[in-house]
Amino acid sequence: MTKHTATPHQLSGDSPVVGVEEQEEALLDRCLQGDGGAFGDLIDRYQRVLFNVSLRMVGNREDALDITQTVFLKAYQNLGTFDRRHKFFSWIYRIMINETLNHLSRCRRTEPLDETFESGELRPDEEWSQNRMRERIQTALLELSKDYRQVIVLRHFAQLSYQEMSGVLEVPEKTVKSRLHTARQLLGGIFSKHGIVLT
């Protein structure tokens, strides 16, 4: 699999984890003092990436929205247990993964991705082609095991670095790289099986 990053639906923008420690610490201080608005700022900071990771894991927009809302509710309720020696994103990400895996255990569905993307000035046939490609890629992702799907999503959709992935998954960087290498090979095989060619 040689062009694993050239997908039309890859998330844009920088990783939400980089360079936010000082701002995050101030927001957490305010949250622990009972400032609900500060927690709203944390939600604004992380909701998009958590939603997109959940969406890629479960393959259904409404389920991903429900999971994301549940995650923020649980994070707010348990904020007092958060260990400030760790990054908030790592902590809330693990809550999200647990909620996502619990959902997958309850529901063995493989629904196609139905997220709405802006089409710009695409012709109807081009828009149909892009939507069809997104559905096929989502279906391929759902054929991976949860562990392999997770590293693909974190690297290519959430755009985390190896170091950041190591932190949120709580495994060494070499394990992250090894798992991602295997996941890419498996996904490449799935793409070939389904006749998916990335450009």
# chains A, B, ... in the order shown; residues from 1 in each chain; ligands from 1
call {"tool": "residues_around", "arguments": {"residues": "stretch 28-36 of chain A", "least_positions_apart": "2", "cutoff": "12 Å", "atoms": "only C-alpha atoms", "output": "list in words"}}
result
Val20, Glu21, Glu22, Gln23, Glu24, Glu25, Ala26, Ala38, Phe39, Gly40, Asp41, Leu42, Ile43, Leu73, Ala75, Tyr76, Gln77, Asn78, Leu79, Gly80, Thr81, Phe82, Asp83, Arg84, Lys87, Phe88 and Phe89 of chain A
call {"tool": "closest_atom_pairs", "arguments": {"of": "stretch 21-76 of chain A", "to": "stretch 143-162 of chain A", "cutoff": "10 Å", "atoms": "only C-alpha atoms", "output": "CSV"}}
result
residue,atom,partner,partner_atom,distance
A:Arg48,CA,A:Ala158,CA,9.3
A:Val49,CA,A:Ala158,CA,5.9
A:Leu50,CA,A:Ala158,CA,8.2
A:Phe51,CA,A:Ala158,CA,9.9
A:Asn52,CA,A:Ala158,CA,7.4
A:Val53,CA,A:Val153,CA,6.2
A:Ser54,CA,A:Val153,CA,9.1
A:Leu55,CA,A:Val153,CA,9.6
A:Arg56,CA,A:Val153,CA,6.7
A:Met57,CA,A:Arg149,CA,6.9
A:Val58,CA,A:Lys146,CA,9.7
call {"tool": "write_last_selection", "arguments": {"atoms": "C-alpha atoms", "output": "CSV table (one decimal), in the first residue's frame"}}
result
chain,number,residue,atom,x,y,z
A,48,ARG,CA,-14.3,17.2,16.2
A,49,VAL,CA,-11.4,14.8,16.4
A,50,LEU,CA,-13.1,12.5,18.9
A,51,PHE,CA,-16.3,12.4,16.7
A,52,ASN,CA,-14.3,11.6,13.6
A,53,VAL,CA,-12.3,8.8,15.3
A,54,SER,CA,-15.5,7.3,16.7
A,55,LEU,CA,-17.2,7.6,13.3
A,56,ARG,CA,-14.4,5.7,11.6
A,57,MET,CA,-14.5,3.0,14.3
A,58,VAL,CA,-18.3,2.4,14.3
call {"tool": "atom_distance", "arguments": {"atom1": "atom CA of A:Val171", "atom2": "atom CA of A:Gly59"}}
result
25.3 Å
call {"tool": "residues_around", "arguments": {"residues": "A:Arg94", "least_positions_apart": "5", "cutoff": "9 Å", "atoms": "only C-alpha atoms", "output": "MDAnalysis selection string"}}
result
chainID A and resid 89 99 168:169
